[in-house]
Structures are given as C-alpha cells and as structure tokens.
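A.B. asks: Dropping a structure here in structure tokens format, bear with me for questions.
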Amino acid sequence: MKTFPMFLRMTGRTVVIAGGGEQAAQKARLVLKTEARIVLLADTLDDELETLVADGRATHCTEAPTASHFADAALAFIATGCPARDAAIAALAQAVGCTTNVVDQPDLCDAYTPSIVDRDPLVVAIGTEGAAPVLARQVKTKIETMLEPRLGDFTAMAGRMREAVARRVPKPARRAFWRWAFSDAPRRLHAAGAERDAAKALKDAIAQGGAPGTVTEGLISLVGAGPGARDLLTLRAVQRLQEADVIFYDRLVDPDVLELARRDAERIFVGKEVGASSWPQHKIDAVIVAAARKGQRVVRLKSGDPGIFGRATEELAAARDHGIAVEIVPGVTAASGSAAARGRSLTERGETDRVIFATGTCRAGDSAPDWGALCTPGTTLALYMGVAKAAEIEANLLAAGVPSSAEVEITCSASTPAERHLACTLSDLAKTVASEEVSNPAIILVRHSKLRTEVIAPTQPPLSLVATA
Ligand code: SAH
C-alpha cells in the first residue's frame with residue numbers, strides 16, 4: 001500500500017478549501033458530512049458556497065493565501081480551477097505540514113478522497129490509489145446494494161445502547177448479543193421500517209441479559225425477481241436474498257439472480273410451470289410456511305412482480321393463517337421489462353393513455369374476459385401467458401372491434417441473453433407466433449391507439465379461453 005486508510009476525527013477541526021467554484025463546492029459537500037469547520041479561501045464564491053457562509057456552516061476568507069492559513073488545518077483541499085495556482089497554494093499548505101488534496105493533480109496530493117458508502121456512523125471508504133477509479137465506483141455500487149439504506153440509523157441506535165449492554169449483558173454474552181443484533185430480528189425489523197419494534201427487541205434482550213437463545217420468528221418475503229437480468233432487482237430484493245436462509249424459486253427466475261443469495265442459503269426449485277402440477281400451489285404454500293415456522297428467513301422468489309399473476313394471494317393467506325410475518329417486495333413486471341427492452345413506452349401520449357395487464361390463460365371454468373372492455377381505443381394491452389392462446393386472442397380482439405391493423409409487439413425472454421423481438425399487426429398475430437415459433441416466456445403487447453380507430457362491429461361471440469391442463 002502506498003497510501004494508508006485512516007478515519008480522521010473532524011469535530012472541532014478546520015478544513016481549508018482553496019477555491020470558490022464548482023470544484024471547491026464538490027469538496028465542500030464532502031466535508032459538510034462531517035462536523036469540521038470549513039474555511040473557504042477564495043476571492044469570490046459561487047451561490048452554493050455563499051449560502052454555506054450565510055448559513056454559518058463555513059467562513060469566507062478573501063485574503064491572498066499564505067502558509068499561515070493552513071497552519072491549524074486538519075486538511076486542505078486545493079480546488080481553484082487553475083492547475084498552476086493550485087500547485088502554488090498546495091506548496092504553501094504542505095510547507096506547514098497540512099495534509100493536502102489537490103484536485104486532478106495526484107502527484108501533488110498527500111491524501112486522496114475515497115469513494116464513500118455512507119451509512120453514517122457506518123462508513124465504507126474505497127480507494128485504488130488512483131489506479132482504477134471506475135473499479136472503485138463498481139465496488140461502491142456493490143456495497144451500496146449490500147447495506148440497506150437505513151443501516152446507519154440502526155447502527156446509531158445500537159451505538160446508543162452500548163452502555164446499557166455493557167451494564168446488563170455479561171461480558172461472555174456480549175459478542176453473541178451484537179451478532180444477533182446486527183444479523184437477526186432487530187436489524188431486520190429496522191430495515192423493514194419497524195424502528196420501534198427493533199428498539200424494543202434490543203431493549204428486551206438487554207433486560208434479559210443477552211440475545212434470545214433461539215430466535216423463532218420467521219419471515220416470508222415474496223420477492224420480485226424482475227424479468228430476468230439481475231440488475232433489474234430492487235435493492236430491497238437483493239437485501240432479502242442476502243438475508244435468506246432458504247429460497248424457493250420457480251422456472252422463470254434467472255440463475256444469475258440466485259447468485260445474489262448467501263452461499264450457504266438453501267435453494268429449492270419449486271418448478272411451477274403454467275398449468276403444470278409437479279409443485280401444486282398448496283404444496284408450495286405448505287413448505288414455505290413450514291420453513292418459516294422453524295424460524296428461517298424465507299424468500300419466495302417470483303419472476304417479475306409477485307403481485308402480478310404470481311399466486312401471491314394464496315401464499316400471503318397461508319402465512320397469515322399461521323400467524324407468520326409476510327411481506328411483498330415488488331419487482332419489475334414483464335410488461336415493463338419488455339417495453340423497456342424495445343426502448344418504447346408502455347403508454348404513448350395522445351395514442352394510449354392506459355395499460356392493462358391481462359392473462360391469456362384463465363383458470364379452467366373461469367368466465368371468458370370481456371375483450372371489448374380490455375382493449376378499447378387508447379389502451380396498451382399487455383398479455384401474459386398468451387403465446388399458446390395467440391389464435392384465440394387474435395380472434396377475440398378482432399371480434400371485439402380492435403382494428404386488424406393494431407400494432408402488436410411480441411417480446412420473448414425480455415432482459416435475458418435470449419431476448420427476442422417480433423412485431424406484426426393484430427391480424428397476423430397467430431401466424432407470426434406460429435411461423436416464428438415463439439415460445440414462452442413472452443409478452444404480447446397490443447397497442448390500440450386512439451388515433452387509429454377503424455371501429456368494426458363485433459361479428460362473432462368470443463371464444464372461451466381456458467387452460468388446457
Ligand atoms: N409475475 C410475473 C408474471 C408471471 S406469469 C411478472 O410480473 O412479470 C408468467 C408470464 O410472464 C410468462 O408466461 C410471460 O408472459 C411473462 N414473462 C415473464 N418473464 C418474462 C420475460 N423475461 N419476457 C417476456 N415475458 C415474460
């Protein structure tokens with residue numbers, strides 16, 4: 001290591017920033033995260049820095065820089081915007097031993113600013129000694145996804161309890177207490193927004209002299225895995241995956257996504273396919289409940305958004321029937337993923353002003369959908385599980401008065417390496433699906449524009465749409 005990472009105490013100390021423009025403001029924003037006094041050494045200040053001075057958060061010194069300006073400073077940032085002037089001022093600061101950072105001139109720097117993941121008081125600083133700033137950003141992004149946004153507040157709360165822990169929890173039990181606090185119910189509750197419950201869990205455990213022997217409350221998270229690409233997961237979804245003891249996933253979840261889970265988490269394939277019965281829903285409900293009752297953190301990973309054609313209702317009910325905490329972590333649904341993959345909006349001002357998510361495959365015995373209502377002028381109709389029913393969909397929409405020229409987009413395996421795009425008109429839908437051998441998963445988007453409404457009176461009754469299973 002040519003540089004040594006340290007955290008500097010900043011309370012009551014002075015940081016001098018030479019410069020009054022944007023570069024100086026960038027450094028000021030960093031220093032503002034600390035409690036340091038900021039001195040701005042510059043003839044003039046931009047509006048942002050003026051405001052800092054007006055708010056009493058910085059002082060403005062218009063004198064010509066001399067070494068004495070840096071004599072008591074903990075740090076100096078030199079950022080006037082003029083490299084030659086920066087070099088001259090840096091020499092003044094370094095003459096009195098002040099640790100100096102000079103913008104864009106690494107050779108003149110005593111210290112470099114790291115990439116920071118800020119969960120104050122938890123702070124992660126990443127540096128590459130200037131060798132690979134892009135890598136530093138990538139690492140930062142990775143760590144950002146590992147640490148829930150509220151972790152700083154939780155860390156501070158835990159910090160406030162340190163004294164009480166020292167008083168009430170015997171020394172040999174303290175490590176286990178903190179391990180429990182940061183990896184179990186308290187952190188989990190806090191991350192989910194239940195701050196009071198988290199504080200209560202900590203206080204109860206302190207009062208009892210240590211972490212609960214065995215933590216029995218499980219949690220079931222119905223997590224949206226998005227359409228495929230793992231960087232379409234939400235930060236919360238990644239968080240839940242990393243906390244999970246066991247993950248139940250189905251056919252459409254990309255293997256890449258599962259890699260985000262802890263190495264030792266159990267992964268169980270529940271192989272549900274449209275209409276297939278190898279893992280019937282009631283069996284899935286039963287196993288996720290059984291796992292949670294053992295105190296495990298259960299993730300039920302579903303493609304897209306769990307709340308859209310995901311049988312979430314049954315799993316929510318099963319959990320609630322057994323008094324088990326359950327939550328939904330929403331995800332990017334296939335319709336959004338498909339439209340985004342084509343670079344086209346789901347709604348288009350003046351043409352379509354509503355989106356309808358519908359399924360092409362209803363339960364056996366369900367009444368047929370009202371096709372006229374599903375696709376009135378101005379609608380983008382997103383049909384899930386529609387490939388096998390393309391002929392019926394085409395016939396029913398035409399019969400309901402949707403113009404034969406309505407645009408249809410078929411997107412297969414959106415956001416995965418197998419992504420494929422096809423386009424046709426409504427009257428060619430079935431033909432295209434057959435000739436192009438379209439296979440699942442695919443979304444059929446029918447755009448019934450307000451501008452192109454050659455209204456055709458319904459000619460035949462809708463065909464019924466039932467699953468073939
Ligand atoms: N909950 C999921 C939908 C599950 S139903 C969601 O919100 O996306 C399964 C159907 O979703 C598939 O038959 C297909 O129509 C669609 N689908 C899922 N992933 C897809 C993808 N990557 N590309 C296109 N369609 C997809």
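Ligands are numbered from 1 in the order shown, residues from 1 within each chain, and chains are lettered A, B, ... in the order they appear in the structure tokens.
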Near range 104-117 of chain A, within 7 Å and counting only C-alpha atoms, which residues show up once chain neighbours fewer than 3 positions away are dropped, as an NGL selection string?

C.D. replies: :A and (99-101 or 123-127 or 136-137 or 140 or 144)

A.B. asks: Could the residues of chain A that have an atom at most 8 Å from ligand 1 be listed as a Markdown table, each with its closest atom pair and the distance in Å to one decimal, counting only C-alpha atoms and all ligand atoms and ordered by chain and ascending residue number?

C.D. replies:
```
| residue | atom | partner | partner_atom_place_in_ligand_line | distance |
| --- | --- | --- | --- | --- |
| A:Gly224 | CA | ligand 1 | 1 (N) | 7.4 |
| A:Gly226 | CA | ligand 1 | 8 (O) | 6.6 |
| A:Pro227 | CA | ligand 1 | 22 (N) | 4.0 |
| A:Gly228 | CA | ligand 1 | 22 (N) | 5.3 |
| A:Leu252 | CA | ligand 1 | 19 (N) | 6.3 |
| A:Val274 | CA | ligand 1 | 13 (O) | 7.3 |
| A:Lys302 | CA | ligand 1 | 1 (N) | 6.3 |
| A:Ser303 | CA | ligand 1 | 2 (C) | 4.9 |
| A:Gly304 | CA | ligand 1 | 6 (C) | 3.4 |
| A:Asp305 | CA | ligand 1 | 7 (O) | 3.7 |
| A:Pro306 | CA | ligand 1 | 1 (N) | 4.9 |
| A:Gly307 | CA | ligand 1 | 1 (N) | 6.4 |
| A:Ile308 | CA | ligand 1 | 1 (N) | 4.6 |
| A:Phe309 | CA | ligand 1 | 4 (C) | 5.0 |
| A:Gly310 | CA | ligand 1 | 1 (N) | 4.6 |
| A:Gly331 | CA | ligand 1 | 7 (O) | 7.1 |
| A:Val332 | CA | ligand 1 | 7 (O) | 6.6 |
| A:Thr333 | CA | ligand 1 | 7 (O) | 3.6 |
| A:Ala334 | CA | ligand 1 | 8 (O) | 3.6 |
| A:Ala335 | CA | ligand 1 | 8 (O) | 6.5 |
| A:Gly337 | CA | ligand 1 | 23 (N) | 7.0 |
| A:Ser338 | CA | ligand 1 | 24 (C) | 6.0 |
| A:Thr359 | CA | ligand 1 | 15 (O) | 7.9 |
| A:Leu383 | CA | ligand 1 | 15 (O) | 6.6 |
| A:Tyr384 | CA | ligand 1 | 15 (O) | 3.5 |
| A:Met385 | CA | ligand 1 | 13 (O) | 3.5 |
| A:Gly386 | CA | ligand 1 | 15 (O) | 6.1 |
| A:Val387 | CA | ligand 1 | 15 (O) | 7.4 |
| A:Thr411 | CA | ligand 1 | 24 (C) | 5.5 |
| A:Cys412 | CA | ligand 1 | 24 (C) | 4.7 |
| A:Ser413 | CA | ligand 1 | 23 (N) | 3.6 |
| A:Ala414 | CA | ligand 1 | 23 (N) | 3.7 |
| A:Ser415 | CA | ligand 1 | 22 (N) | 5.9 |
| A:Thr416 | CA | ligand 1 | 22 (N) | 6.5 |
| A:Glu419 | CA | ligand 1 | 23 (N) | 7.4 |
| A:Asn440 | CA | ligand 1 | 13 (O) | 5.7 |
| A:Pro441 | CA | ligand 1 | 14 (C) | 4.1 |
| A:Ala442 | CA | ligand 1 | 25 (N) | 3.7 |
| A:Ile443 | CA | ligand 1 | 25 (N) | 4.3 |
| A:Ile444 | CA | ligand 1 | 15 (O) | 7.4 |
```

A.B. asks: Select, from A:Val102, A:Ala211, A:Asp120, A:Arg37, the residue with the minimum atom-to-atom distance to Val53 in chain A, counting only C-alpha atoms.

C.D. replies: A:Arg37

A.B. asks: Restricting the calculation to only C-alpha atoms: of A:Ile288, A:Gly21, A:Val329, A:Leu122, which residue gets closest to Leu233 in chain A?

C.D. replies: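 Going through A:Ile288, A:Gly21, A:Val329, A:Leu122 one by one, the smallest distance to Leu233 in chain A is for A:Val329.
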
A.B. asks: Assign secondary structure with DSSP using the backbone only, and return the residues of range 342-383 of chain A in strand (DSSP E) as a PyMOL selection string.

C.D. replies: chain A and resi 354-359+379-383

A.B. asks: To one decimal place, how far is CA of Ala388 in chain A from CA of Arg300 in chain A in Å?

C.D. replies: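 Value for the CA of Ala388 in chain A-CA of Arg300 in chain A distance: 26.7 Å.
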
A.B. asks: If we count only C-alpha atoms and set the cut-off at 12 Å, which residues sit around Pro255 in chain A, ignoring sequence neighbours fewer than 4 positions away in its own chain? Please answer as a PyMOL selection string.

C.D. replies: chain A and resi 225+228-230+249-251+259-261+267+269+301+303+416

A.B. asks: Write a file of the just-selected residues containing all heavy atoms, as a compact mmCIF listing (two decimals), in the first residue's frame.

C.D. replies:
```
# COMPACT_ATOMS: atom_id res chain seq x y z
N ALA A 225 -38.35 -10.95 -8.69
CA ALA A 225 -37.01 -11.11 -9.26
C ALA A 225 -36.87 -10.35 -10.57
O ALA A 225 -35.82 -10.39 -11.20
CB ALA A 225 -36.73 -12.59 -9.50
N GLY A 228 -35.64 -10.91 -15.56
CA GLY A 228 -34.51 -11.80 -15.85
C GLY A 228 -33.19 -11.21 -15.40
O GLY A 228 -32.55 -11.73 -14.50
N ALA A 229 -32.81 -10.10 -16.02
CA ALA A 229 -31.50 -9.51 -15.71
C ALA A 229 -31.41 -9.19 -14.23
O ALA A 229 -32.32 -8.60 -13.65
CB ALA A 229 -31.31 -8.23 -16.53
N ARG A 230 -30.28 -9.58 -13.62
CA ARG A 230 -30.26 -9.42 -12.16
C ARG A 230 -30.12 -7.98 -11.72
O ARG A 230 -30.47 -7.64 -10.59
CB ARG A 230 -29.24 -10.34 -11.52
CG ARG A 230 -27.81 -9.92 -11.66
CD ARG A 230 -26.99 -10.84 -10.81
NE ARG A 230 -25.60 -10.55 -10.96
CZ ARG A 230 -24.65 -11.22 -10.36
NH1 ARG A 230 -24.95 -12.22 -9.57
NH2 ARG A 230 -23.40 -10.90 -10.52
N TYR A 249 -37.70 -20.95 -5.48
CA TYR A 249 -37.78 -20.20 -6.73
C TYR A 249 -38.43 -21.05 -7.80
O TYR A 249 -38.50 -22.27 -7.69
CB TYR A 249 -36.39 -19.75 -7.19
CG TYR A 249 -35.45 -20.88 -7.54
CD1 TYR A 249 -35.24 -21.24 -8.86
CD2 TYR A 249 -34.79 -21.58 -6.54
CE1 TYR A 249 -34.38 -22.28 -9.19
CE2 TYR A 249 -33.94 -22.63 -6.86
CZ TYR A 249 -33.74 -22.97 -8.18
OH TYR A 249 -32.90 -24.01 -8.49
N ASP A 250 -38.91 -20.38 -8.85
CA ASP A 250 -39.53 -21.18 -9.90
C ASP A 250 -38.84 -20.99 -11.23
O ASP A 250 -37.81 -20.33 -11.35
CB ASP A 250 -41.05 -21.01 -9.94
CG ASP A 250 -41.46 -19.57 -10.01
OD1 ASP A 250 -40.77 -18.82 -10.69
OD2 ASP A 250 -42.47 -19.21 -9.38
N ARG A 251 -39.45 -21.57 -12.23
CA ARG A 251 -38.85 -21.76 -13.54
C ARG A 251 -38.31 -20.49 -14.18
O ARG A 251 -37.27 -20.47 -14.80
CB ARG A 251 -39.93 -22.37 -14.43
CG ARG A 251 -39.51 -22.91 -15.75
CD ARG A 251 -40.75 -23.44 -16.42
NE ARG A 251 -41.82 -22.46 -16.40
CZ ARG A 251 -42.16 -21.71 -17.44
NH1 ARG A 251 -41.53 -21.84 -18.57
NH2 ARG A 251 -43.15 -20.84 -17.33
N GLU A 259 -27.54 -16.15 -7.66
CA GLU A 259 -26.16 -15.96 -7.20
C GLU A 259 -26.03 -14.84 -6.20
O GLU A 259 -25.02 -14.71 -5.51
CB GLU A 259 -25.25 -15.67 -8.39
CG GLU A 259 -24.74 -16.94 -9.02
CD GLU A 259 -23.86 -16.65 -10.19
OE1 GLU A 259 -23.24 -15.58 -10.24
OE2 GLU A 259 -23.81 -17.52 -11.07
N LEU A 260 -27.06 -13.99 -6.14
CA LEU A 260 -27.00 -12.88 -5.18
C LEU A 260 -27.23 -13.37 -3.75
O LEU A 260 -26.97 -12.64 -2.79
CB LEU A 260 -28.07 -11.83 -5.52
CG LEU A 260 -27.83 -11.08 -6.83
CD1 LEU A 260 -29.09 -10.35 -7.25
CD2 LEU A 260 -26.69 -10.09 -6.65
N ALA A 261 -27.71 -14.59 -3.61
CA ALA A 261 -28.01 -15.10 -2.27
C ALA A 261 -26.73 -15.50 -1.55
O ALA A 261 -25.68 -15.66 -2.18
CB ALA A 261 -28.94 -16.31 -2.38
N ARG A 267 -31.39 -23.51 -1.59
CA ARG A 267 -32.16 -23.07 -2.76
C ARG A 267 -33.06 -24.23 -3.19
O ARG A 267 -32.56 -25.32 -3.46
CB ARG A 267 -31.23 -22.72 -3.92
CG ARG A 267 -30.33 -21.52 -3.65
CD ARG A 267 -29.06 -21.67 -4.46
NE ARG A 267 -28.26 -20.45 -4.52
CZ ARG A 267 -27.43 -20.04 -3.56
NH1 ARG A 267 -27.30 -20.74 -2.45
NH2 ARG A 267 -26.72 -18.93 -3.71
N PHE A 269 -35.98 -25.51 -5.82
CA PHE A 269 -36.70 -25.27 -7.07
C PHE A 269 -38.10 -25.84 -6.93
O PHE A 269 -38.27 -27.02 -6.65
CB PHE A 269 -35.95 -25.97 -8.20
CG PHE A 269 -36.63 -25.87 -9.53
CD1 PHE A 269 -36.82 -24.63 -10.13
CD2 PHE A 269 -37.08 -27.01 -10.18
CE1 PHE A 269 -37.44 -24.53 -11.37
CE2 PHE A 269 -37.70 -26.91 -11.42
CZ PHE A 269 -37.88 -25.67 -12.01
N LEU A 301 -39.06 -16.46 -4.25
CA LEU A 301 -38.61 -15.62 -5.35
C LEU A 301 -39.48 -15.89 -6.57
O LEU A 301 -39.58 -17.02 -7.03
CB LEU A 301 -37.15 -15.99 -5.64
CG LEU A 301 -36.33 -15.06 -6.50
CD1 LEU A 301 -36.26 -13.66 -5.90
CD2 LEU A 301 -34.91 -15.62 -6.65
N SER A 303 -40.82 -14.51 -10.51
CA SER A 303 -40.39 -13.68 -11.63
C SER A 303 -41.24 -12.41 -11.67
O SER A 303 -42.37 -12.38 -11.19
CB SER A 303 -40.54 -14.44 -12.95
OG SER A 303 -41.88 -14.50 -13.32
N THR A 416 -33.01 -10.94 -20.93
CA THR A 416 -32.11 -12.09 -20.77
C THR A 416 -31.30 -12.23 -22.07
O THR A 416 -31.64 -11.61 -23.08
CB THR A 416 -32.88 -13.41 -20.55
OG1 THR A 416 -33.44 -13.81 -21.81
CG2 THR A 416 -33.99 -13.26 -19.53
```

A.B. asks: Which residues are near Gly56 in chain A? Cut-off 12 Å, only C-alpha atoms, ignore same chain within fewer than 6 positions. Put them as JSON, numbers by chain.

C.D. replies: {"A": [32, 37, 38, 39, 49, 50]}

A.B. asks: List every residue of range 266-389 of chain A that DSSP, applied to the backbone, labels as helix (DSSP H, G or I), and write the result as an NGL selection string.

C.D. replies: :A and (281-293 or 312-321 or 334-342 or 371-374 or 387-389)

A.B. asks: In Å, rounded to a single decimal, give me how far CA of Met10 in chain A is from CA of Gln23 in chain A.

C.D. replies: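 Between CA of Gln23 in chain A and CA of Met10 in chain A the gap is 21.2 Å.
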
A.B. asks: Taking 5 positions as the minimum chain separation for residues in the same chain, which residues sit within 12 Å of Ser449 in chain A when counting only C-alpha atoms? Answer as a PDB file with N, CA, C and O atoms, in the first residue's frame.

C.D. replies:
```pdb
ATOM      1  N   LEU A 346     -44.741   2.189 -22.439  1.00  0.00           N
ATOM      2  CA  LEU A 346     -45.992   1.414 -22.410  1.00  0.00           C
ATOM      3  C   LEU A 346     -47.186   2.291 -22.775  1.00  0.00           C
ATOM      4  O   LEU A 346     -48.118   1.836 -23.423  1.00  0.00           O
ATOM      5  N   THR A 347     -47.167   3.534 -22.320  1.00  0.00           N
ATOM      6  CA  THR A 347     -48.214   4.482 -22.711  1.00  0.00           C
ATOM      7  C   THR A 347     -47.580   5.501 -23.640  1.00  0.00           C
ATOM      8  O   THR A 347     -46.401   5.820 -23.493  1.00  0.00           O
ATOM      9  N   GLU A 348     -48.342   5.984 -24.597  1.00  0.00           N
ATOM     10  CA  GLU A 348     -47.808   6.993 -25.508  1.00  0.00           C
ATOM     11  C   GLU A 348     -48.832   8.113 -25.615  1.00  0.00           C
ATOM     12  O   GLU A 348     -49.962   7.882 -26.055  1.00  0.00           O
ATOM     13  N   ARG A 349     -48.410   9.275 -25.153  1.00  0.00           N
ATOM     14  CA  ARG A 349     -49.307  10.412 -25.032  1.00  0.00           C
ATOM     15  C   ARG A 349     -50.067  10.652 -26.335  1.00  0.00           C
ATOM     16  O   ARG A 349     -49.482  10.660 -27.410  1.00  0.00           O
ATOM     17  N   GLY A 350     -51.366  10.784 -26.216  1.00  0.00           N
ATOM     18  CA  GLY A 350     -52.179  11.033 -27.395  1.00  0.00           C
ATOM     19  C   GLY A 350     -52.615   9.755 -28.101  1.00  0.00           C
ATOM     20  O   GLY A 350     -53.584   9.740 -28.839  1.00  0.00           O
ATOM     21  N   GLU A 351     -51.881   8.657 -27.868  1.00  0.00           N
ATOM     22  CA  GLU A 351     -52.223   7.392 -28.539  1.00  0.00           C
ATOM     23  C   GLU A 351     -52.817   6.389 -27.551  1.00  0.00           C
ATOM     24  O   GLU A 351     -53.880   5.829 -27.771  1.00  0.00           O
ATOM     25  N   THR A 352     -52.080   6.169 -26.480  1.00  0.00           N
ATOM     26  CA  THR A 352     -52.589   5.233 -25.467  1.00  0.00           C
ATOM     27  C   THR A 352     -52.452   5.885 -24.102  1.00  0.00           C
ATOM     28  O   THR A 352     -51.402   6.423 -23.777  1.00  0.00           O
ATOM     29  N   ASP A 353     -53.527   5.860 -23.336  1.00  0.00           N
ATOM     30  CA  ASP A 353     -53.456   6.506 -22.025  1.00  0.00           C
ATOM     31  C   ASP A 353     -53.795   5.537 -20.902  1.00  0.00           C
ATOM     32  O   ASP A 353     -54.122   5.931 -19.806  1.00  0.00           O
ATOM     33  N   ARG A 354     -53.755   4.260 -21.186  1.00  0.00           N
ATOM     34  CA  ARG A 354     -53.911   3.272 -20.113  1.00  0.00           C
ATOM     35  C   ARG A 354     -53.197   1.980 -20.519  1.00  0.00           C
ATOM     36  O   ARG A 354     -53.016   1.704 -21.704  1.00  0.00           O
ATOM     37  N   VAL A 355     -52.783   1.255 -19.473  1.00  0.00           N
ATOM     38  CA  VAL A 355     -52.156  -0.051 -19.703  1.00  0.00           C
ATOM     39  C   VAL A 355     -52.984  -1.070 -18.960  1.00  0.00           C
ATOM     40  O   VAL A 355     -53.365  -0.837 -17.807  1.00  0.00           O
ATOM     41  N   CYS A 375     -59.675  -3.868 -24.365  1.00  0.00           N
ATOM     42  CA  CYS A 375     -58.845  -3.211 -25.369  1.00  0.00           C
ATOM     43  C   CYS A 375     -59.610  -2.140 -26.133  1.00  0.00           C
ATOM     44  O   CYS A 375     -59.663  -2.146 -27.361  1.00  0.00           O
ATOM     45  N   THR A 376     -60.177  -1.202 -25.385  1.00  0.00           N
ATOM     46  CA  THR A 376     -60.859  -0.072 -26.019  1.00  0.00           C
ATOM     47  C   THR A 376     -59.803   0.879 -26.610  1.00  0.00           C
ATOM     48  O   THR A 376     -58.626   0.785 -26.247  1.00  0.00           O
ATOM     49  N   PRO A 377     -60.199   1.791 -27.507  1.00  0.00           N
ATOM     50  CA  PRO A 377     -59.202   2.702 -28.089  1.00  0.00           C
ATOM     51  C   PRO A 377     -58.445   3.447 -26.992  1.00  0.00           C
ATOM     52  O   PRO A 377     -59.042   3.890 -26.009  1.00  0.00           O
ATOM     53  N   GLY A 378     -57.137   3.561 -27.164  1.00  0.00           N
ATOM     54  CA  GLY A 378     -56.309   4.256 -26.159  1.00  0.00           C
ATOM     55  C   GLY A 378     -55.690   3.303 -25.152  1.00  0.00           C
ATOM     56  O   GLY A 378     -55.172   3.733 -24.133  1.00  0.00           O
ATOM     57  N   THR A 379     -55.732   1.995 -25.447  1.00  0.00           N
ATOM     58  CA  THR A 379     -55.234   1.010 -24.473  1.00  0.00           C
ATOM     59  C   THR A 379     -53.994   0.290 -25.000  1.00  0.00           C
ATOM     60  O   THR A 379     -53.945  -0.096 -26.166  1.00  0.00           O
ATOM     61  N   THR A 380     -53.014   0.119 -24.118  1.00  0.00           N
ATOM     62  CA  THR A 380     -51.961  -0.860 -24.388  1.00  0.00           C
ATOM     63  C   THR A 380     -52.331  -2.083 -23.574  1.00  0.00           C
ATOM     64  O   THR A 380     -52.446  -2.014 -22.343  1.00  0.00           O
ATOM     65  N   LEU A 381     -52.557  -3.174 -24.256  1.00  0.00           N
ATOM     66  CA  LEU A 381     -52.948  -4.404 -23.568  1.00  0.00           C
ATOM     67  C   LEU A 381     -51.729  -5.314 -23.490  1.00  0.00           C
ATOM     68  O   LEU A 381     -51.176  -5.711 -24.518  1.00  0.00           O
ATOM     69  N   VAL A 402     -61.308  -4.433 -32.165  1.00  0.00           N
ATOM     70  CA  VAL A 402     -59.963  -3.854 -32.261  1.00  0.00           C
ATOM     71  C   VAL A 402     -59.526  -3.944 -33.728  1.00  0.00           C
ATOM     72  O   VAL A 402     -59.698  -4.998 -34.354  1.00  0.00           O
ATOM     73  N   PRO A 403     -59.010  -2.850 -34.304  1.00  0.00           N
ATOM     74  CA  PRO A 403     -58.678  -2.873 -35.726  1.00  0.00           C
ATOM     75  C   PRO A 403     -57.634  -3.938 -36.067  1.00  0.00           C
ATOM     76  O   PRO A 403     -56.728  -4.172 -35.264  1.00  0.00           O
ATOM     77  N   SER A 404     -57.771  -4.518 -37.237  1.00  0.00           N
ATOM     78  CA  SER A 404     -56.823  -5.564 -37.642  1.00  0.00           C
ATOM     79  C   SER A 404     -55.421  -4.981 -37.791  1.00  0.00           C
ATOM     80  O   SER A 404     -54.432  -5.681 -37.691  1.00  0.00           O
ATOM     81  N   SER A 405     -55.349  -3.655 -38.000  1.00  0.00           N
ATOM     82  CA  SER A 405     -54.036  -3.031 -38.180  1.00  0.00           C
ATOM     83  C   SER A 405     -53.387  -2.639 -36.852  1.00  0.00           C
ATOM     84  O   SER A 405     -52.300  -2.062 -36.842  1.00  0.00           O
ATOM     85  N   ALA A 406     -54.032  -2.937 -35.720  1.00  0.00           N
ATOM     86  CA  ALA A 406     -53.447  -2.541 -34.420  1.00  0.00           C
ATOM     87  C   ALA A 406     -52.050  -3.153 -34.295  1.00  0.00           C
ATOM     88  O   ALA A 406     -51.827  -4.298 -34.673  1.00  0.00           O
ATOM     89  N   GLU A 407     -51.135  -2.345 -33.749  1.00  0.00           N
ATOM     90  CA  GLU A 407     -49.745  -2.818 -33.618  1.00  0.00           C
ATOM     91  C   GLU A 407     -49.641  -3.884 -32.536  1.00  0.00           C
ATOM     92  O   GLU A 407     -50.196  -3.722 -31.440  1.00  0.00           O
ATOM     93  N   VAL A 408     -48.898  -4.926 -32.828  1.00  0.00           N
ATOM     94  CA  VAL A 408     -48.639  -5.962 -31.826  1.00  0.00           C
ATOM     95  C   VAL A 408     -47.123  -6.129 -31.704  1.00  0.00           C
ATOM     96  O   VAL A 408     -46.418  -6.181 -32.709  1.00  0.00           O
ATOM     97  N   GLU A 454     -60.482   2.407 -36.609  1.00  0.00           N
ATOM     98  CA  GLU A 454     -61.472   1.986 -37.598  1.00  0.00           C
ATOM     99  C   GLU A 454     -62.377   0.980 -36.877  1.00  0.00           C
ATOM    100  O   GLU A 454     -62.033  -0.195 -36.736  1.00  0.00           O
ATOM    101  N   VAL A 455     -63.475   1.524 -36.335  1.00  0.00           N
ATOM    102  CA  VAL A 455     -64.296   0.680 -35.472  1.00  0.00           C
ATOM    103  C   VAL A 455     -65.022  -0.389 -36.293  1.00  0.00           C
ATOM    104  O   VAL A 455     -65.646  -0.125 -37.297  1.00  0.00           O
TER     105      VAL A 455
END
```

A.B. asks: Under the rule that only C-alpha atoms are counted, which of A:Asp428, A:Asp370, A:Glu409, A:Asp72 is the nearest residue to Ala391 in chain A?

C.D. replies: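 Residue with the minimum atom-to-atom distance to Ala391 in chain A: A:Asp428.
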
A.B. asks: Can you tell me which residues surround Ala286 in chain A at a distance of at most 10 Å, considering only C-alpha atoms, apart from same-chain residues fewer than 3 positions away, and format the answer as a VMD selection string?

C.D. replies: chain A and resid 281 to 283 289 to 291 315 318 to 319

A.B. asks: Neighbours of Ala265 in chain A within 7 Å (only C-alpha atoms; same-chain residues fewer than 6 positions away dropped), as an mmCIF file with N, CA, C and O atoms, in the first residue's frame?

C.D. replies:
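So the final result, stored in result.cif, reads:
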```
data_model
loop_
_atom_site.group_PDB
_atom_site.id
_atom_site.type_symbol
_atom_site.label_atom_id
_atom_site.label_comp_id
_atom_site.auth_asym_id
_atom_site.auth_seq_id
_atom_site.Cartn_x
_atom_site.Cartn_y
_atom_site.Cartn_z
ATOM 1 N N ALA A 244 -31.593 -14.379 3.368
ATOM 2 C CA ALA A 244 -32.442 -15.576 3.385
ATOM 3 C C ALA A 244 -31.688 -16.817 3.837
ATOM 4 O O ALA A 244 -30.530 -17.028 3.488
ATOM 5 N N ASP A 245 -32.389 -17.642 4.631
ATOM 6 C CA ASP A 245 -31.859 -18.969 4.956
ATOM 7 C C ASP A 245 -32.261 -19.951 3.874
ATOM 8 O O ASP A 245 -31.553 -20.906 3.593
ATOM 9 N N VAL A 246 -33.435 -19.729 3.299
ATOM 10 C CA VAL A 246 -33.917 -20.657 2.281
ATOM 11 C C VAL A 246 -34.668 -19.877 1.203
ATOM 12 O O VAL A 246 -35.379 -18.913 1.505
#
```

A.B. asks: Would you please work out which residue, of A:Arg9, A:Arg119, A:His322, A:Arg57, is nearest to Leu75 in chain A when using only C-alpha atoms?

C.D. replies: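 With only C-alpha atoms as the atom set, the closest residue is A:Arg9.
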